[in-house]
Amino acid sequence: MEQGTRRVLLAVNGSDESMTAIRYVCGCLPPRGSEITLFQVLSSVPEEFWDLEKDPVWAKRIEIVRTWEDEQKKRCNDFMDRAGAHFRASGFSADTVTTKIGVQKEGIARDVVREGKNNYHVLVIGRGESGSNPQMPLGGVTSKLIAHDSLPSIWLIGGEPLSSRLLIALDSSPQAISLIEHVAAMFDCRKLDVTLFHAIRGISVSIQGMESIFPSDYAKSITEDAQTKIGPIMEKAKKRLIEAGVPADNISIKIASGVTSRASAIVEEAVQGQFGTIVCGRRGVSQVDDFSMGRVANKLTQLARSQALCIVA
């Protein structure tokens with residue numbers, strides 16, 4: 001990332017959820033060196049539809065559709081005005097906040113993806129909860145966006161999260177320190193209270209007759225090995241955060257051993273510790289090319305419903 005420049009794409013839809021995402025960004029990004037683009041895709045009416053205006057039967061209906069289009073544009077412009085005012089009140093100069101309103105071309109998600117490829121460092125989106133299907137916690141557009149590995153890092157905003165308390169979920173992969181570099185580059189580090197967190201899974205044998213395969217001290221050796229690997233990464237991460245401006249007293253390290261689910265352990269820690277932001281990597285230790293996200297990141301998108309989830313590419 002270029003030093004001193006944070007290019008953020010904020011995909012909005014005029015909802016209260018979008019305004020929550022705006023408040024979150026205003027609370028965590030230093031105004032100086034940040035460039036914000038507010039982007040909204042408006043639903044389109046096919047050009048062929050307007051040809052029906054010549055038919056007297058359709059004339060009244062066309063008028064209703066034109067009124068709907070005008071109202072849609074008005075609501076969008078009003079929202080952009082309110083968003084811009086909120087950024088200015090938070091210390092962002094007018095020339096650092098750009099608004100883009102586009103008519104839907106290929107589909108809302110695909111149009112956002114196309115815009116997101118224009119050298120942004122972060123795409124910020126709301127969770128877009130699915131009201132019609134409680135088993136699908138993410139809205140359709142949001143689900144499509146987080147599945148795209150061609151996009152930059154994604155901030156998925158849920159609830160009304162505070163941006164100053166960060167839980168950074170580290171693993172022993174070579175990419176772990178990239179999470180720290182992301183935080184150092186994007187956040188106002190002087191305001192942060194950070195916990196570096198690592199969850200070690202326990203050994204569970206559920207198939208009858210398989211218990212004898214694992215020696216009694218096997219689980220203990222697995223835990224000790226994991227702690228040995230993560231220790232130096234934790235210390236390196238802490239040192240980098242201090243260099244970035246996080247007060248040393250505001251950084252803590254926590255390792256949870258014997259958990260049944262790493263993602264569940266991360267969310268449980270976030271809830272209990274009142275962390276508003278969870279930072280994780282898009283890929284885990286395995287780095288499987290066939291999947292755009294690792295298992296932990298994917299589960300976190302489903303479980304972290306009241307936090308901001310920063311998925312670092």
# chains A, B, ... in the order shown; residues from 1 in each chain; ligands from 1

$ residues_around --residues "A:Leu303" --least-positions-apart "2" --cutoff "8 Å" --atoms "only C-alpha atoms" --output "PyMOL selection string"
chain A and resi 263-264+267+299-301+305

$ write_last_selection --atoms "N, CA and C atoms" --output "JSON list (two decimals), in the first residue's frame"
[["chain", "number", "residue", "atom", "x", "y", "z"],
["A", 263, "ALA", "N", -13.53, -20.16, 14.67],
["A", 263, "ALA", "CA", -14.39, -19.01, 14.36],
["A", 263, "ALA", "C", -15.31, -18.69, 15.54],
["A", 264, "SER", "N", -15.90, -19.71, 16.14],
["A", 264, "SER", "CA", -16.79, -19.49, 17.28],
["A", 264, "SER", "C", -16.02, -18.91, 18.46],
["A", 267, "VAL", "N", -15.43, -15.14, 17.81],
["A", 267, "VAL", "CA", -16.63, -14.33, 18.02],
["A", 267, "VAL", "C", -16.98, -14.26, 19.50],
["A", 299, "LYS", "N", -16.70, -18.73, 8.03],
["A", 299, "LYS", "CA", -17.59, -18.89, 9.18],
["A", 299, "LYS", "C", -17.79, -17.56, 9.90],
["A", 300, "LEU", "N", -16.75, -16.75, 9.96],
["A", 300, "LEU", "CA", -16.87, -15.46, 10.63],
["A", 300, "LEU", "C", -17.87, -14.55, 9.93],
["A", 301, "THR", "N", -17.96, -14.64, 8.60],
["A", 301, "THR", "CA", -18.94, -13.81, 7.89],
["A", 301, "THR", "C", -20.36, -14.18, 8.33],
["A", 305, "ARG", "N", -22.12, -11.04, 13.50],
["A", 305, "ARG", "CA", -23.24, -10.26, 12.98],
["A", 305, "ARG", "C", -23.36, -8.88, 13.63]]

$ residues_around --residues "stretch 103-107 of chain A" --least-positions-apart "2" --cutoff "6 Å" --atoms "only C-alpha atoms" --output "list in words"
Val41, Leu42, Ser43, Ser44, Ala109, Arg110 and Asp111 of chain A

$ write_last_selection --atoms "N, CA, C and O atoms" --output "mmCIF file, in the first residue's frame"
data_model
loop_
_atom_site.group_PDB
_atom_site.id
_atom_site.type_symbol
_atom_site.label_atom_id
_atom_site.label_comp_id
_atom_site.auth_asym_id
_atom_site.auth_seq_id
_atom_site.Cartn_x
_atom_site.Cartn_y
_atom_site.Cartn_z
ATOM 1 N N VAL A 41 -25.322 1.839 -6.931
ATOM 2 C CA VAL A 41 -25.857 1.377 -8.209
ATOM 3 C C VAL A 41 -27.377 1.456 -8.149
ATOM 4 O O VAL A 41 -27.997 0.875 -7.256
ATOM 5 N N LEU A 42 -27.975 2.192 -9.075
ATOM 6 C CA LEU A 42 -29.424 2.318 -9.129
ATOM 7 C C LEU A 42 -30.020 1.244 -10.034
ATOM 8 O O LEU A 42 -29.482 0.958 -11.104
ATOM 9 N N SER A 43 -31.116 0.654 -9.595
ATOM 10 C CA SER A 43 -31.807 -0.336 -10.424
ATOM 11 C C SER A 43 -32.263 0.323 -11.719
ATOM 12 O O SER A 43 -32.734 1.460 -11.722
ATOM 13 N N SER A 44 -32.116 -0.381 -12.814
ATOM 14 C CA SER A 44 -32.428 0.184 -14.116
ATOM 15 C C SER A 44 -33.715 -0.388 -14.682
ATOM 16 O O SER A 44 -34.141 -1.481 -14.320
ATOM 17 N N ALA A 109 -24.045 -6.415 -7.817
ATOM 18 C CA ALA A 109 -22.788 -6.994 -7.332
ATOM 19 C C ALA A 109 -21.686 -6.883 -8.382
ATOM 20 O O ALA A 109 -20.558 -6.491 -8.073
ATOM 21 N N ARG A 110 -21.994 -7.216 -9.627
ATOM 22 C CA ARG A 110 -20.979 -7.165 -10.679
ATOM 23 C C ARG A 110 -20.536 -5.727 -10.949
ATOM 24 O O ARG A 110 -19.356 -5.484 -11.233
ATOM 25 N N ASP A 111 -21.456 -4.783 -10.855
ATOM 26 C CA ASP A 111 -21.091 -3.380 -11.061
ATOM 27 C C ASP A 111 -20.177 -2.891 -9.936
ATOM 28 O O ASP A 111 -19.232 -2.128 -10.173
#

$ residues_around --residues "A:Glu35" --least-positions-apart "3" --cutoff "12 Å" --atoms "only C-alpha atoms" --output "list in words"
Gly4, Thr5, Arg6, Arg7, Val8, Leu9, Leu10, Val25, Cys26, Leu29, Pro30, Pro31, Arg32, Leu38, Phe87, Phe92, Ser93, Ala94, Asp95, Thr96, Val97, Thr98, Thr99, Asn119, Tyr120, His121, Val122 and Met186 of chain A

$ write_last_selection --atoms "N, CA and C atoms" --output "PDB file, in the first residue's frame"
ATOM      1  N   GLY A   4       0.690   6.690   3.268  1.00  0.00           N
ATOM      2  CA  GLY A   4      -0.073   7.912   3.429  1.00  0.00           C
ATOM      3  C   GLY A   4      -1.334   7.985   2.596  1.00  0.00           C
ATOM      4  N   THR A   5      -1.665   6.952   1.844  1.00  0.00           N
ATOM      5  CA  THR A   5      -2.863   6.987   1.020  1.00  0.00           C
ATOM      6  C   THR A   5      -3.735   5.775   1.312  1.00  0.00           C
ATOM      7  N   ARG A   6      -5.004   6.046   1.637  1.00  0.00           N
ATOM      8  CA  ARG A   6      -5.974   4.972   1.886  1.00  0.00           C
ATOM      9  C   ARG A   6      -7.133   5.203   0.932  1.00  0.00           C
ATOM     10  N   ARG A   7      -7.281   4.375  -0.050  1.00  0.00           N
ATOM     11  CA  ARG A   7      -8.363   4.512  -1.021  1.00  0.00           C
ATOM     12  C   ARG A   7      -9.467   3.527  -0.653  1.00  0.00           C
ATOM     13  N   VAL A   8     -10.607   4.079  -0.254  1.00  0.00           N
ATOM     14  CA  VAL A   8     -11.694   3.274   0.279  1.00  0.00           C
ATOM     15  C   VAL A   8     -12.925   3.407  -0.611  1.00  0.00           C
ATOM     16  N   LEU A   9     -13.482   2.264  -1.009  1.00  0.00           N
ATOM     17  CA  LEU A   9     -14.730   2.227  -1.759  1.00  0.00           C
ATOM     18  C   LEU A   9     -15.837   1.812  -0.802  1.00  0.00           C
ATOM     19  N   LEU A  10     -16.809   2.710  -0.630  1.00  0.00           N
ATOM     20  CA  LEU A  10     -17.919   2.449   0.267  1.00  0.00           C
ATOM     21  C   LEU A  10     -19.162   2.202  -0.576  1.00  0.00           C
ATOM     22  N   VAL A  25     -16.558   4.048   9.254  1.00  0.00           N
ATOM     23  CA  VAL A  25     -15.380   4.518   8.504  1.00  0.00           C
ATOM     24  C   VAL A  25     -14.900   5.860   9.049  1.00  0.00           C
ATOM     25  N   CYS A  26     -15.833   6.751   9.342  1.00  0.00           N
ATOM     26  CA  CYS A  26     -15.458   8.051   9.899  1.00  0.00           C
ATOM     27  C   CYS A  26     -14.751   7.904  11.240  1.00  0.00           C
ATOM     28  N   LEU A  29     -10.852   5.766  10.257  1.00  0.00           N
ATOM     29  CA  LEU A  29      -9.862   6.245   9.291  1.00  0.00           C
ATOM     30  C   LEU A  29      -9.346   7.634   9.674  1.00  0.00           C
ATOM     31  N   PRO A  30      -8.041   7.836   9.660  1.00  0.00           N
ATOM     32  CA  PRO A  30      -7.530   9.193   9.834  1.00  0.00           C
ATOM     33  C   PRO A  30      -7.919  10.020   8.603  1.00  0.00           C
ATOM     34  N   PRO A  31      -8.518  11.193   8.783  1.00  0.00           N
ATOM     35  CA  PRO A  31      -8.920  11.994   7.616  1.00  0.00           C
ATOM     36  C   PRO A  31      -7.770  12.317   6.677  1.00  0.00           C
ATOM     37  N   ARG A  32      -6.618  12.626   7.255  1.00  0.00           N
ATOM     38  CA  ARG A  32      -5.476  12.977   6.419  1.00  0.00           C
ATOM     39  C   ARG A  32      -4.936  11.730   5.715  1.00  0.00           C
ATOM     40  N   LEU A  38     -17.982   7.081  -2.369  1.00  0.00           N
ATOM     41  CA  LEU A  38     -19.305   6.546  -2.071  1.00  0.00           C
ATOM     42  C   LEU A  38     -19.933   6.110  -3.384  1.00  0.00           C
ATOM     43  N   PHE A  87     -19.090  13.057   6.748  1.00  0.00           N
ATOM     44  CA  PHE A  87     -17.638  12.994   6.579  1.00  0.00           C
ATOM     45  C   PHE A  87     -16.990  14.339   6.901  1.00  0.00           C
ATOM     46  N   PHE A  92     -13.061  15.190   7.467  1.00  0.00           N
ATOM     47  CA  PHE A  92     -12.637  14.907   6.101  1.00  0.00           C
ATOM     48  C   PHE A  92     -12.949  16.117   5.217  1.00  0.00           C
ATOM     49  N   SER A  93     -11.976  16.543   4.446  1.00  0.00           N
ATOM     50  CA  SER A  93     -12.206  17.678   3.552  1.00  0.00           C
ATOM     51  C   SER A  93     -13.080  17.236   2.386  1.00  0.00           C
ATOM     52  N   ALA A  94     -13.809  18.193   1.819  1.00  0.00           N
ATOM     53  CA  ALA A  94     -14.768  17.885   0.749  1.00  0.00           C
ATOM     54  C   ALA A  94     -14.096  17.237  -0.456  1.00  0.00           C
ATOM     55  N   ASP A  95     -12.845  17.618  -0.739  1.00  0.00           N
ATOM     56  CA  ASP A  95     -12.187  17.092  -1.937  1.00  0.00           C
ATOM     57  C   ASP A  95     -11.662  15.668  -1.765  1.00  0.00           C
ATOM     58  N   THR A  96     -11.787  15.093  -0.553  1.00  0.00           N
ATOM     59  CA  THR A  96     -11.347  13.715  -0.344  1.00  0.00           C
ATOM     60  C   THR A  96     -12.507  12.728  -0.397  1.00  0.00           C
ATOM     61  N   VAL A  97     -13.737  13.227  -0.529  1.00  0.00           N
ATOM     62  CA  VAL A  97     -14.917  12.373  -0.571  1.00  0.00           C
ATOM     63  C   VAL A  97     -15.606  12.551  -1.925  1.00  0.00           C
ATOM     64  N   THR A  98     -15.657  11.464  -2.687  1.00  0.00           N
ATOM     65  CA  THR A  98     -16.258  11.485  -4.022  1.00  0.00           C
ATOM     66  C   THR A  98     -17.512  10.621  -4.032  1.00  0.00           C
ATOM     67  N   THR A  99     -18.526  11.064  -4.759  1.00  0.00           N
ATOM     68  CA  THR A  99     -19.727  10.250  -4.909  1.00  0.00           C
ATOM     69  C   THR A  99     -19.868   9.793  -6.351  1.00  0.00           C
ATOM     70  N   ASN A 119      -8.084   0.046  -8.151  1.00  0.00           N
ATOM     71  CA  ASN A 119      -6.988   0.379  -7.237  1.00  0.00           C
ATOM     72  C   ASN A 119      -7.446   0.882  -5.868  1.00  0.00           C
ATOM     73  N   TYR A 120      -8.515   0.317  -5.350  1.00  0.00           N
ATOM     74  CA  TYR A 120      -8.911   0.622  -3.971  1.00  0.00           C
ATOM     75  C   TYR A 120      -8.180  -0.325  -3.027  1.00  0.00           C
ATOM     76  N   HIS A 121      -7.991   0.139  -1.806  1.00  0.00           N
ATOM     77  CA  HIS A 121      -7.367  -0.710  -0.796  1.00  0.00           C
ATOM     78  C   HIS A 121      -8.407  -1.498  -0.004  1.00  0.00           C
ATOM     79  N   VAL A 122      -9.619  -0.947   0.115  1.00  0.00           N
ATOM     80  CA  VAL A 122     -10.655  -1.573   0.911  1.00  0.00           C
ATOM     81  C   VAL A 122     -12.021  -1.346   0.271  1.00  0.00           C
ATOM     82  N   MET A 186      -4.446   1.441   7.725  1.00  0.00           N
ATOM     83  CA  MET A 186      -5.817   1.925   7.541  1.00  0.00           C
ATOM     84  C   MET A 186      -6.409   2.627   8.758  1.00  0.00           C
TER      85      MET A 186
END

$ residues_around --residues "A:Ile266" --least-positions-apart "2" --cutoff "10 Å" --atoms "only C-alpha atoms" --output "PyMOL selection string"
chain A and resi 167-169+197-199+256+259+261-264+268-271+278-280+296+300+303-304

$ select_by_dssp --residues "stretch 152-200 of chain A" --states "alpha helix (DSSP H)" --output "JSON, numbers by chain"
{"A": [176, 177, 178, 179, 180, 181, 182, 183, 184, 185, 186]}

$ write_last_selection --atoms "all heavy atoms" --output "mmCIF file, in the first residue's frame"
data_model
loop_
_atom_site.group_PDB
_atom_site.id
_atom_site.type_symbol
_atom_site.label_atom_id
_atom_site.label_comp_id
_atom_site.auth_asym_id
_atom_site.auth_seq_id
_atom_site.Cartn_x
_atom_site.Cartn_y
_atom_site.Cartn_z
ATOM 1 N N ALA A 176 0.204 -13.850 8.162
ATOM 2 C CA ALA A 176 -0.367 -13.321 9.403
ATOM 3 C C ALA A 176 -0.006 -11.859 9.633
ATOM 4 O O ALA A 176 -0.854 -11.050 10.020
ATOM 5 C CB ALA A 176 0.084 -14.177 10.588
ATOM 6 N N ILE A 177 1.245 -11.491 9.377
ATOM 7 C CA ILE A 177 1.683 -10.121 9.638
ATOM 8 C C ILE A 177 1.014 -9.122 8.683
ATOM 9 O O ILE A 177 0.939 -7.938 8.974
ATOM 10 C CB ILE A 177 3.224 -10.023 9.548
ATOM 11 C CG1 ILE A 177 3.849 -10.869 10.668
ATOM 12 C CG2 ILE A 177 3.701 -8.590 9.696
ATOM 13 C CD1 ILE A 177 3.434 -10.437 12.072
ATOM 14 N N SER A 178 0.484 -9.620 7.566
ATOM 15 C CA SER A 178 -0.213 -8.705 6.656
ATOM 16 C C SER A 178 -1.447 -8.110 7.324
ATOM 17 O O SER A 178 -1.879 -6.997 6.974
ATOM 18 C CB SER A 178 -0.610 -9.421 5.364
ATOM 19 O OG SER A 178 -1.583 -10.427 5.610
ATOM 20 N N LEU A 179 -2.034 -8.804 8.295
ATOM 21 C CA LEU A 179 -3.158 -8.248 9.040
ATOM 22 C C LEU A 179 -2.717 -7.036 9.848
ATOM 23 O O LEU A 179 -3.422 -6.023 9.924
ATOM 24 C CB LEU A 179 -3.741 -9.309 9.992
ATOM 25 C CG LEU A 179 -4.769 -10.283 9.434
ATOM 26 C CD1 LEU A 179 -4.167 -11.184 8.363
ATOM 27 C CD2 LEU A 179 -5.370 -11.127 10.547
ATOM 28 N N ILE A 180 -1.527 -7.141 10.432
ATOM 29 C CA ILE A 180 -0.998 -6.038 11.230
ATOM 30 C C ILE A 180 -0.663 -4.852 10.328
ATOM 31 O O ILE A 180 -0.944 -3.686 10.677
ATOM 32 C CB ILE A 180 0.264 -6.492 12.003
ATOM 33 C CG1 ILE A 180 -0.039 -7.753 12.819
ATOM 34 C CG2 ILE A 180 0.777 -5.368 12.888
ATOM 35 C CD1 ILE A 180 -1.174 -7.604 13.807
ATOM 36 N N GLU A 181 -0.090 -5.129 9.169
ATOM 37 C CA GLU A 181 0.232 -4.044 8.238
ATOM 38 C C GLU A 181 -1.040 -3.347 7.757
ATOM 39 O O GLU A 181 -1.054 -2.129 7.556
ATOM 40 C CB GLU A 181 1.012 -4.596 7.042
ATOM 41 C CG GLU A 181 2.379 -5.177 7.374
ATOM 42 C CD GLU A 181 3.334 -4.141 7.963
ATOM 43 O OE1 GLU A 181 3.075 -2.916 7.819
ATOM 44 O OE2 GLU A 181 4.333 -4.556 8.579
ATOM 45 N N HIS A 182 -2.104 -4.117 7.583
ATOM 46 C CA HIS A 182 -3.383 -3.540 7.170
ATOM 47 C C HIS A 182 -3.904 -2.584 8.244
ATOM 48 O O HIS A 182 -4.324 -1.455 7.939
ATOM 49 C CB HIS A 182 -4.396 -4.660 6.926
ATOM 50 C CG HIS A 182 -5.734 -4.176 6.478
ATOM 51 N ND1 HIS A 182 -6.022 -3.861 5.172
ATOM 52 C CD2 HIS A 182 -6.888 -3.932 7.175
ATOM 53 C CE1 HIS A 182 -7.275 -3.454 5.071
ATOM 54 N NE2 HIS A 182 -7.818 -3.492 6.280
ATOM 55 N N VAL A 183 -3.886 -3.022 9.479
ATOM 56 C CA VAL A 183 -4.340 -2.175 10.585
ATOM 57 C C VAL A 183 -3.476 -0.929 10.694
ATOM 58 O O VAL A 183 -3.976 0.190 10.857
ATOM 59 C CB VAL A 183 -4.329 -2.970 11.910
ATOM 60 C CG1 VAL A 183 -4.552 -2.045 13.093
ATOM 61 C CG2 VAL A 183 -5.379 -4.064 11.885
ATOM 62 N N ALA A 184 -2.164 -1.107 10.588
ATOM 63 C CA ALA A 184 -1.241 0.028 10.694
ATOM 64 C C ALA A 184 -1.484 1.057 9.608
ATOM 65 O O ALA A 184 -1.357 2.271 9.830
ATOM 66 C CB ALA A 184 0.204 -0.476 10.628
ATOM 67 N N ALA A 185 -1.841 0.587 8.414
ATOM 68 C CA ALA A 185 -2.029 1.494 7.282
ATOM 69 C C ALA A 185 -3.393 2.160 7.271
ATOM 70 O O ALA A 185 -3.535 3.307 6.857
ATOM 71 C CB ALA A 185 -1.821 0.729 5.972
ATOM 72 N N MET A 186 -4.446 1.441 7.725
ATOM 73 C CA MET A 186 -5.817 1.925 7.541
ATOM 74 C C MET A 186 -6.409 2.627 8.758
ATOM 75 O O MET A 186 -7.250 3.509 8.607
ATOM 76 C CB MET A 186 -6.720 0.743 7.164
ATOM 77 C CG MET A 186 -6.358 0.055 5.856
ATOM 78 S SD MET A 186 -6.386 1.151 4.410
ATOM 79 C CE MET A 186 -8.077 1.727 4.443
#

$ closest_atom_pairs --of "stretch 6-49 of chain A" --to "stretch 136-150 of chain A" --cutoff "12 Å" --atoms "only C-alpha atoms" --output "CSV"
residue,atom,partner,partner_atom,distance
A:Ala11,CA,A:Thr142,CA,10.0
A:Val12,CA,A:Thr142,CA,11.1
A:Asn13,CA,A:Val141,CA,10.9
A:Val41,CA,A:Val141,CA,11.4

$ write_last_selection --atoms "all heavy atoms" --output "PDB file, in the first residue's frame"
ATOM      1  N   ALA A  11     -19.577   0.936  -0.683  1.00  0.00           N
ATOM      2  CA  ALA A  11     -20.748   0.594  -1.482  1.00  0.00           C
ATOM      3  C   ALA A  11     -21.995   0.796  -0.628  1.00  0.00           C
ATOM      4  O   ALA A  11     -22.156   0.139   0.409  1.00  0.00           O
ATOM      5  CB  ALA A  11     -20.662  -0.852  -1.968  1.00  0.00           C
ATOM      6  N   VAL A  12     -22.861   1.707  -1.043  1.00  0.00           N
ATOM      7  CA  VAL A  12     -24.030   2.070  -0.248  1.00  0.00           C
ATOM      8  C   VAL A  12     -25.310   1.826  -1.044  1.00  0.00           C
ATOM      9  O   VAL A  12     -25.283   1.664  -2.266  1.00  0.00           O
ATOM     10  CB  VAL A  12     -23.957   3.546   0.197  1.00  0.00           C
ATOM     11  CG1 VAL A  12     -22.725   3.786   1.058  1.00  0.00           C
ATOM     12  CG2 VAL A  12     -23.937   4.485  -1.017  1.00  0.00           C
ATOM     13  N   ASN A  13     -26.424   1.831  -0.322  1.00  0.00           N
ATOM     14  CA  ASN A  13     -27.724   1.673  -0.998  1.00  0.00           C
ATOM     15  C   ASN A  13     -28.789   2.588  -0.406  1.00  0.00           C
ATOM     16  O   ASN A  13     -29.980   2.382  -0.625  1.00  0.00           O
ATOM     17  CB  ASN A  13     -28.186   0.213  -0.946  1.00  0.00           C
ATOM     18  CG  ASN A  13     -28.361  -0.286   0.487  1.00  0.00           C
ATOM     19  OD1 ASN A  13     -28.243   0.485   1.448  1.00  0.00           O
ATOM     20  ND2 ASN A  13     -28.646  -1.559   0.644  1.00  0.00           N
ATOM     21  N   VAL A  41     -25.322   1.839  -6.931  1.00  0.00           N
ATOM     22  CA  VAL A  41     -25.857   1.377  -8.209  1.00  0.00           C
ATOM     23  C   VAL A  41     -27.377   1.456  -8.149  1.00  0.00           C
ATOM     24  O   VAL A  41     -27.997   0.875  -7.256  1.00  0.00           O
ATOM     25  CB  VAL A  41     -25.425  -0.076  -8.500  1.00  0.00           C
ATOM     26  CG1 VAL A  41     -26.004  -0.538  -9.830  1.00  0.00           C
ATOM     27  CG2 VAL A  41     -23.904  -0.196  -8.501  1.00  0.00           C
TER      28      VAL A  41
END

$ closest_residue --among "A:Thr260, A:Ser164, A:Asn118, A:Thr37" --to "A:Leu192" --atoms "only C-alpha atoms"
A:Ser164
